[in-house]
Amino acid sequence: MDKVGRFGKYGGQYVPETVMTAVHELEAAYDKYKDDPQFLAELKALYRDYANRPSMLYFAEKMTADLGGAKIYIKREDLNHTGAHKINNVLGQILLAKKMGKKRIIAETGAGQHGVATATVCALMGLECEVYMGAEDCKRQSLNVYRMELLGSKVTPVDSGTSTLKDAINEAMRDWCSNIDTTFYCIGSVMGPHPYPTMVRDFQKVISEEIKAQLMEREGKLPDCVVACVGGGSNAMGAFYDFIGDEGVRLVGAEAAGRGIDTFDTAATMSLGTEGIFHGMKSLFLQDEYGQIAPVYSISAGLDYPGIGPEHTYLHDIGRADYVPVTDEEAVCAFEYLSKMEGIIPAIESAHAVSAAMKIAPTMPKDSILVINLSGRGDKDVYSIAKYRGVDVVEQ
Amino acid sequence: MSSKNRIDRCFEELKARGEKALIEFVTAGDPDLETTEKLVLEMFGRGADIIELGVPFSDPIAEGKTIQKASLRSLNAGTTLDKIFDTVKNLREKTDKPLLLMMYINTIFRYGTERFFAKCAEYGIDGVIVPDLPFEERDEIADTADKYGIYNIFLVAPTSADRVSTIAAASKGFLYVVSSLGVTGTRSNITTDFDTLLAPLKGGNTVPYCIGFGISSPEQAKKMAGYCDGVIVGSAIVNIIADKGREAVKPVGDFTAALKAPL
């Protein structure tokens with residue numbers, strides 16, 4: 001029984017004893033299947049036939065001309081089935097759950113994207129599914145609540161704490177403690193106790209592997225910069241991972257600054273967080289001097305989390321990746337910009353990455369390449385952006 | 001440390017008297033720390049052998065609704081770890097019975113592990129129970145806790161199976177046996193097969209082991225005590241405090257006496 005799952009000093013397995021056996025069972029199953037050709041072939045087939053992979057790498061010509069710097073490519077994770085990168089991880093985890101003989105899946109969700117992906121794959125594979133979602137997020141993303149129910153899942157609103165993503169994770173962990181024999185906890189990001197940060201990254205690394213292959217084919221070279229938004233950090237880990245060894249590729253994570261990193265209404269963990277141990281992992285968290293986890297805020301429910309995956313904290317510590325804060329206002333402007341410029345409505349989460357890219361690209365030479373990982377589509381956000389702009393949208 | 005830990009002394013005395021331990025839990029600062037101080041003294045006076053003070057945490061993932069709400073009441077009343085240490089200091093002028101802190105690892109880590117255990121030793125805390133610090137991560141606090149003579153009390157659960165002996169060997173003072181799957185909270189039925197779960201500990205040279213989670217009546221306490229060296233009662237007490245607030249001292253005392261009677 002030794003310590004495992006560390007990225008430098010971050011990561012680990014800080015969970016109650018009741019779930020330790022389940023964590024070990026998962027670890028053993030993942031070790032068994034992660035390099036199993038049969039498992040990988042099944043997953044690849046699901047990626048291709050069900051999730052619509054590989055996702056396109058689109059050259060944003062107008063945006064490139066407008067910003068006047070690096071050539072901008074957009075990795076279209078928004079075109080995946082269910083509209084975001086979340087499906088990559090969920091297909092992997094639920095295929096694994098099936099192999100492990102688990103009958104019931106639980107998940108947490110913030111914006112609802114991971115919940116929808118989980119509900120979708122449970123419908124596909126005929127498994128019982130219960131999704132925990134903060135009561136506040138249920139209100140902000142009521143359409144996604146209905147979507148999950150339509151897919152046959154039970155959605156349980158969580159009204160403890162701040163009624164957002166962290167509280168949904170707390171409640172999912174409590175459920176897991178209670179139903180450990182039957183239940184598989186499908187965590188939606190590169191967070192939680194080992195093996196989740198590693199396993200979720202491995203199921204998302206297909207993003208960077210595809211970017212690399214697609215760019216080699218189109219341009220015959222690697223990108224100079226890859227930009228992705230970061231909440232827990234799964235789409236960013238997926239977009240970064242295959243480039244970590246390629247030192248010339250700058251990796252940039254865009255985190256949610258909310259109303260600004262000089263206000264209390266923020267979720268910018270890398271900018272403002274301190275070391276802590278929470279949700280099974282040692283990493284950075286927004287917390288007070290006594291370690292009470294801080295209420296966080298962002299216009300984006302999917303980035304509204306007070307921590308960040310341990311591998312990101314490690315990449316930050318060793319200087320391999322940079323993390324920049326993006327405010328609500330900047331993200332909304334980028335949301336509108338990409339819609340008008342390229343005819344692509346990004347998820348408000350992904351709009352944080354677009355905003356960071358809009359600042360970085362003009363500083364780069366014209367023959368350089370910047371890739372934006374467009375983690376999700378923005379249909380779900382149209383109502384809240386309209387509201388932000390004071391436009392009254394009512395469906396009849 | 002030259003002087004013996006109060007927890008060891010307590011179990012030796014209980015054994016000599018042929019009694020089982022009654023370990024009680026309250027959330028420190030619920031509804032306020034003055035009441036906590038009165039509650040602790042009343043509980044000790046009415047039969048509690050060891051008391052766990054719950055340090056409120058914003059996100060207590062191992063707790064059911066009862067203790068979640070108590071944590072919130074306490075935090076809203078402005079409770080902090082430093083203020084809890086002050087309460088412990090006051091209590092130490094009036095009682096020499098074992099006092100434990102039940103808390104989440106982030107509270108220790110953020111306070112500073114060295115600073116935390118130094119304070120525990122200075123103010124008279126005897127041990128800590130950290131539900132989200134499993135055996136595998138024990139090094140997070142082990143050396144520092146040892147240095148200051150503070151016991152780290154480990155938990156085993158119904159799922160622990162072949163982990164039980166290893167964890168018991170590492171635990172100091174006593175071993176906390178979680179009665180059921182799930183989080184803290186009262187239960188009408190505890191169905192775990194303790195004979196099988198605790199078999200590895202029988203006749204062995206291990207620390208005393210006590211069962212907690214879900215015990216809410218003298219009858220349940222008596223039944224559970226049949227499997228072990230003591231019982232731990234938390235949510236049932238916190239429920240009384242939730243109901244009576246500052247007036248909870250006497251009813252909690254009466255409940256304590258009723259729990260201790262069959263032990």
# chains A, B, ... in the order shown; residues from 1 in each chain; ligands from 1

call {"tool": "interface_residues", "arguments": {"of": "chain B", "to": "chain A", "cutoff": "9 Å", "atoms": "only C-alpha atoms", "output": "number ranges by chain"}}
result
B: 56-64, 68-69, 72, 80-82, 104-111, 130-137, 154-161, 163, 178, 180-183

call {"tool": "residues_around", "arguments": {"residues": "stretch 203-213 of chain B", "least_positions_apart": "3", "cutoff": "9 Å", "atoms": "only C-alpha atoms", "output": "count of residues only"}}
result
38

call {"tool": "atom_distance", "arguments": {"atom1": "atom CA of A:Lys86", "atom2": "atom CA of A:Arg259"}}
result
26.2 Å

call {"tool": "select_by_dssp", "arguments": {"residues": "stretch 214-296 of chain A", "states": "alpha helix (DSSP H)", "output": "list in words"}}
result
Gln214, Leu215, Met216, Glu217, Arg218, Glu219, Ser234, Asn235, Ala236, Met237, Gly238, Ala239, Phe240, Thr269, Met270, Ser271 and Leu272 of chain A

call {"tool": "write_last_selection", "arguments": {"atoms": "C-alpha atoms", "output": "PDB file, in the first residue's frame"}}
result
ATOM      1  CA  GLN A 214      -3.667  16.891 -38.450  1.00  0.00           C
ATOM      2  CA  LEU A 215      -1.206  19.761 -38.289  1.00  0.00           C
ATOM      3  CA  MET A 216       1.688  17.634 -39.530  1.00  0.00           C
ATOM      4  CA  GLU A 217      -0.468  16.729 -42.515  1.00  0.00           C
ATOM      5  CA  ARG A 218      -1.632  20.302 -43.196  1.00  0.00           C
ATOM      6  CA  GLU A 219       1.435  22.334 -42.272  1.00  0.00           C
ATOM      7  CA  SER A 234      -9.665  18.044 -18.691  1.00  0.00           C
ATOM      8  CA  ASN A 235      -9.892  19.583 -22.160  1.00  0.00           C
ATOM      9  CA  ALA A 236      -6.656  21.468 -21.527  1.00  0.00           C
ATOM     10  CA  MET A 237      -4.833  18.325 -20.347  1.00  0.00           C
ATOM     11  CA  GLY A 238      -6.144  16.548 -23.438  1.00  0.00           C
ATOM     12  CA  ALA A 239      -4.999  19.360 -25.717  1.00  0.00           C
ATOM     13  CA  PHE A 240      -1.593  19.728 -24.000  1.00  0.00           C
ATOM     14  CA  THR A 269      -7.303  29.052  -9.015  1.00  0.00           C
ATOM     15  CA  MET A 270      -3.861  29.236 -10.606  1.00  0.00           C
ATOM     16  CA  SER A 271      -3.671  33.011 -10.156  1.00  0.00           C
ATOM     17  CA  LEU A 272      -5.034  33.177  -6.610  1.00  0.00           C
TER      18      LEU A 272
END

call {"tool": "residues_around", "arguments": {"residues": "stretch 85-102 of chain B", "least_positions_apart": "3", "cutoff": "7 Å", "atoms": "only C-alpha atoms", "output": "MDAnalysis selection string"}}
result
chainID B and resid 6:7 33 37 49:55 81:82 123:130

call {"tool": "residues_around", "arguments": {"residues": "stretch 249-259 of chain B", "least_positions_apart": "4", "cutoff": "12 Å", "atoms": "only C-alpha atoms", "output": "number ranges by chain"}}
result
B: 20-26, 30-31, 34-51, 215-225, 230-245, 263

call {"tool": "write_last_selection", "arguments": {"atoms": "C-alpha atoms", "output": "JSON list (two decimals), in the first residue's frame"}}
result
[["chain", "number", "residue", "atom", "x", "y", "z"],
["B", 20, "LYS", "CA", -16.62, -0.35, 27.42],
["B", 21, "ALA", "CA", -15.72, 3.14, 26.22],
["B", 22, "LEU", "CA", -18.33, 5.75, 25.39],
["B", 23, "ILE", "CA", -16.83, 8.14, 22.87],
["B", 24, "GLU", "CA", -18.96, 11.14, 22.00],
["B", 25, "PHE", "CA", -18.77, 13.70, 19.21],
["B", 26, "VAL", "CA", -19.90, 17.28, 19.03],
["B", 30, "ASP", "CA", -22.39, 24.53, 17.34],
["B", 31, "PRO", "CA", -24.26, 26.65, 18.25],
["B", 34, "GLU", "CA", -19.30, 28.57, 25.07],
["B", 35, "THR", "CA", -22.01, 25.95, 24.70],
["B", 36, "THR", "CA", -19.44, 23.46, 23.37],
["B", 37, "GLU", "CA", -17.40, 23.97, 26.54],
["B", 38, "LYS", "CA", -20.44, 23.37, 28.76],
["B", 39, "LEU", "CA", -21.48, 20.36, 26.67],
["B", 40, "VAL", "CA", -18.06, 18.73, 26.93],
["B", 41, "LEU", "CA", -17.92, 19.11, 30.71],
["B", 42, "GLU", "CA", -21.49, 17.81, 31.07],
["B", 43, "MET", "CA", -20.79, 14.82, 28.80],
["B", 44, "PHE", "CA", -17.64, 13.92, 30.71],
["B", 45, "GLY", "CA", -19.53, 14.36, 33.98],
["B", 46, "ARG", "CA", -22.34, 12.06, 32.86],
["B", 47, "GLY", "CA", -20.28, 9.17, 31.54],
["B", 48, "ALA", "CA", -18.42, 10.02, 28.33],
["B", 49, "ASP", "CA", -14.90, 8.59, 28.40],
["B", 50, "ILE", "CA", -13.45, 10.35, 25.36],
["B", 51, "ILE", "CA", -14.78, 13.32, 23.40],
["B", 215, "ILE", "CA", -25.34, 4.49, 16.69],
["B", 216, "SER", "CA", -28.25, 6.42, 18.17],
["B", 217, "SER", "CA", -29.70, 4.54, 21.17],
["B", 218, "PRO", "CA", -28.55, 2.80, 24.35],
["B", 219, "GLU", "CA", -29.85, -0.48, 22.87],
["B", 220, "GLN", "CA", -27.71, -0.07, 19.71],
["B", 221, "ALA", "CA", -24.75, 1.02, 21.83],
["B", 222, "LYS", "CA", -25.05, -2.10, 23.96],
["B", 223, "LYS", "CA", -25.36, -4.36, 20.94],
["B", 224, "MET", "CA", -22.39, -2.80, 19.13],
["B", 225, "ALA", "CA", -20.24, -2.83, 22.28],
["B", 230, "GLY", "CA", -16.31, 0.94, 22.85],
["B", 231, "VAL", "CA", -18.87, 2.85, 20.83],
["B", 232, "ILE", "CA", -18.78, 6.27, 19.20],
["B", 233, "VAL", "CA", -21.93, 8.41, 19.07],
["B", 234, "GLY", "CA", -22.08, 11.63, 17.05],
["B", 235, "SER", "CA", -25.08, 12.52, 14.94],
["B", 236, "ALA", "CA", -27.59, 11.49, 17.62],
["B", 237, "ILE", "CA", -26.02, 14.06, 19.96],
["B", 238, "VAL", "CA", -25.75, 16.69, 17.24],
["B", 239, "ASN", "CA", -29.47, 16.20, 16.57],
["B", 240, "ILE", "CA", -30.26, 17.16, 20.17],
["B", 241, "ILE", "CA", -28.06, 20.25, 19.83],
["B", 242, "ALA", "CA", -29.74, 21.15, 16.54],
["B", 243, "ASP", "CA", -33.09, 20.94, 18.32],
["B", 244, "LYS", "CA", -32.28, 22.62, 21.65],
["B", 245, "GLY", "CA", -29.35, 24.93, 20.84],
["B", 263, "LEU", "CA", -21.52, -0.15, 28.74]]

call {"tool": "closest_residue", "arguments": {"among": "A:Ile360, A:Met100, A:Ala107, A:Ile94", "to": "A:Gly68", "atoms": "only C-alpha atoms"}}
result
A:Ile360

call {"tool": "select_by_dssp", "arguments": {"residues": "stretch 172-233 of chain B", "states": "strand (DSSP E or B)", "output": "ChimeraX atom specification"}}
result
/B:175-178,209-212,230-233

call {"tool": "write_last_selection", "arguments": {"atoms": "C-alpha atoms", "output": "short mmCIF file (atom, residue, chain, number, x, y, z; two decimals), in the first residue's frame"}}
result
data_model
loop_
_atom_site.label_atom_id
_atom_site.label_comp_id
_atom_site.auth_asym_id
_atom_site.auth_seq_id
_atom_site.Cartn_x
_atom_site.Cartn_y
_atom_site.Cartn_z
CA LEU B 175 -9.04 2.02 15.91
CA TYR B 176 -12.21 3.64 14.60
CA VAL B 177 -14.44 0.99 13.01
CA VAL B 178 -16.97 2.58 10.64
CA TYR B 209 -11.25 -0.86 18.57
CA CYS B 210 -14.48 1.09 18.76
CA ILE B 211 -17.49 1.18 16.46
CA GLY B 212 -19.07 4.40 15.23
CA GLY B 230 -16.31 0.94 22.85
CA VAL B 231 -18.87 2.85 20.83
CA ILE B 232 -18.78 6.27 19.20
CA VAL B 233 -21.93 8.41 19.07
#

call {"tool": "residues_around", "arguments": {"residues": "A:Gly188", "least_positions_apart": "6", "cutoff": "9 Å", "atoms": "only C-alpha atoms", "output": "mmCIF file with all heavy atoms, in the first residue's frame"}}
result
data_model
loop_
_atom_site.group_PDB
_atom_site.id
_atom_site.type_symbol
_atom_site.label_atom_id
_atom_site.label_comp_id
_atom_site.auth_asym_id
_atom_site.auth_seq_id
_atom_site.Cartn_x
_atom_site.Cartn_y
_atom_site.Cartn_z
ATOM 1 N N LYS A 86 -16.283 16.374 -23.432
ATOM 2 C CA LYS A 86 -16.592 15.507 -22.289
ATOM 3 C C LYS A 86 -16.864 14.056 -22.704
ATOM 4 O O LYS A 86 -16.568 13.130 -21.959
ATOM 5 C CB LYS A 86 -17.797 16.059 -21.522
ATOM 6 C CG LYS A 86 -17.540 17.396 -20.847
ATOM 7 C CD LYS A 86 -16.611 17.267 -19.658
ATOM 8 C CE LYS A 86 -16.446 18.577 -18.896
ATOM 9 N NZ LYS A 86 -15.406 18.494 -17.856
ATOM 10 N N ASN A 89 -13.925 11.268 -22.488
ATOM 11 C CA ASN A 89 -13.655 10.678 -21.179
ATOM 12 C C ASN A 89 -14.770 9.736 -20.759
ATOM 13 O O ASN A 89 -14.514 8.644 -20.242
ATOM 14 C CB ASN A 89 -13.487 11.839 -20.182
ATOM 15 C CG ASN A 89 -13.534 11.393 -18.742
ATOM 16 O OD1 ASN A 89 -12.900 10.410 -18.375
ATOM 17 N ND2 ASN A 89 -14.294 12.098 -17.926
ATOM 18 N N VAL A 90 -15.999 10.165 -20.991
ATOM 19 C CA VAL A 90 -17.137 9.361 -20.531
ATOM 20 C C VAL A 90 -17.182 8.014 -21.254
ATOM 21 O O VAL A 90 -17.416 6.967 -20.637
ATOM 22 C CB VAL A 90 -18.452 10.144 -20.712
ATOM 23 C CG1 VAL A 90 -19.641 9.242 -20.449
ATOM 24 C CG2 VAL A 90 -18.478 11.352 -19.783
ATOM 25 N N ALA A 107 -22.411 10.676 -11.506
ATOM 26 C CA ALA A 107 -21.518 11.715 -12.011
ATOM 27 C C ALA A 107 -21.915 13.036 -11.382
ATOM 28 O O ALA A 107 -23.038 13.189 -10.907
ATOM 29 C CB ALA A 107 -21.618 11.811 -13.531
ATOM 30 N N GLU A 108 -20.970 13.983 -11.396
ATOM 31 C CA GLU A 108 -21.276 15.358 -11.019
ATOM 32 C C GLU A 108 -21.291 16.169 -12.296
ATOM 33 O O GLU A 108 -20.707 15.768 -13.296
ATOM 34 C CB GLU A 108 -20.206 15.894 -10.070
ATOM 35 C CG GLU A 108 -18.928 16.427 -10.758
ATOM 36 C CD GLU A 108 -18.066 15.335 -11.397
ATOM 37 O OE1 GLU A 108 -18.230 14.160 -11.015
ATOM 38 O OE2 GLU A 108 -17.243 15.664 -12.276
ATOM 39 N N THR A 109 -21.962 17.310 -12.266
ATOM 40 C CA THR A 109 -21.841 18.166 -13.433
ATOM 41 C C THR A 109 -21.964 19.621 -13.026
ATOM 42 O O THR A 109 -22.630 19.940 -12.044
ATOM 43 C CB THR A 109 -22.870 17.789 -14.521
ATOM 44 O OG1 THR A 109 -22.448 18.339 -15.767
ATOM 45 C CG2 THR A 109 -24.263 18.287 -14.188
ATOM 46 N N HIS A 114 -20.801 17.478 -18.829
ATOM 47 C CA HIS A 114 -20.356 16.152 -18.406
ATOM 48 C C HIS A 114 -21.551 15.290 -18.026
ATOM 49 O O HIS A 114 -21.588 14.098 -18.333
ATOM 50 C CB HIS A 114 -19.371 16.252 -17.241
ATOM 51 C CG HIS A 114 -18.972 14.915 -16.677
ATOM 52 N ND1 HIS A 114 -18.351 13.944 -17.437
ATOM 53 C CD2 HIS A 114 -19.147 14.370 -15.443
ATOM 54 C CE1 HIS A 114 -18.142 12.859 -16.689
ATOM 55 N NE2 HIS A 114 -18.620 13.091 -15.480
ATOM 56 N N GLY A 115 -22.537 15.906 -17.395
ATOM 57 C CA GLY A 115 -23.746 15.166 -17.030
ATOM 58 C C GLY A 115 -24.474 14.652 -18.266
ATOM 59 O O GLY A 115 -24.909 13.494 -18.314
ATOM 60 N N THR A 118 -22.522 11.821 -19.781
ATOM 61 C CA THR A 118 -22.658 10.600 -18.992
ATOM 62 C C THR A 118 -24.037 9.982 -19.203
ATOM 63 O O THR A 118 -24.162 8.764 -19.407
ATOM 64 C CB THR A 118 -22.416 10.895 -17.494
ATOM 65 O OG1 THR A 118 -21.155 11.550 -17.354
ATOM 66 C CG2 THR A 118 -22.391 9.620 -16.677
ATOM 67 N N VAL A 200 -8.465 10.170 -16.718
ATOM 68 C CA VAL A 200 -9.245 11.138 -17.505
ATOM 69 C C VAL A 200 -8.336 11.796 -18.545
ATOM 70 O O VAL A 200 -8.722 11.985 -19.698
ATOM 71 C CB VAL A 200 -9.925 12.175 -16.580
ATOM 72 C CG1 VAL A 200 -10.625 13.253 -17.406
ATOM 73 C CG2 VAL A 200 -10.916 11.481 -15.640
ATOM 74 N N GLY A 232 -11.487 22.393 -14.010
ATOM 75 C CA GLY A 232 -10.742 21.262 -13.447
ATOM 76 C C GLY A 232 -9.563 20.975 -14.359
ATOM 77 O O GLY A 232 -8.475 20.622 -13.930
ATOM 78 N N SER A 234 -9.772 19.258 -17.870
ATOM 79 C CA SER A 234 -9.665 18.044 -18.691
ATOM 80 C C SER A 234 -9.442 18.329 -20.169
ATOM 81 O O SER A 234 -8.654 17.650 -20.821
ATOM 82 C CB SER A 234 -10.863 17.119 -18.482
ATOM 83 O OG SER A 234 -12.032 17.628 -19.068
#

call {"tool": "atom_distance", "arguments": {"atom1": "atom CA of A:Glu247", "atom2": "atom CA of A:His85"}}
result
25.0 Å

call {"tool": "atom_distance", "arguments": {"atom1": "atom CA of B:Thr192", "atom2": "atom CA of B:Ala170"}}
result
23.0 Å

call {"tool": "closest_residue", "arguments": {"among": "A:Leu79, A:Met281, A:Ala361, A:Ile308", "to": "A:Ile345", "atoms": "only C-alpha atoms"}}
result
A:Leu79
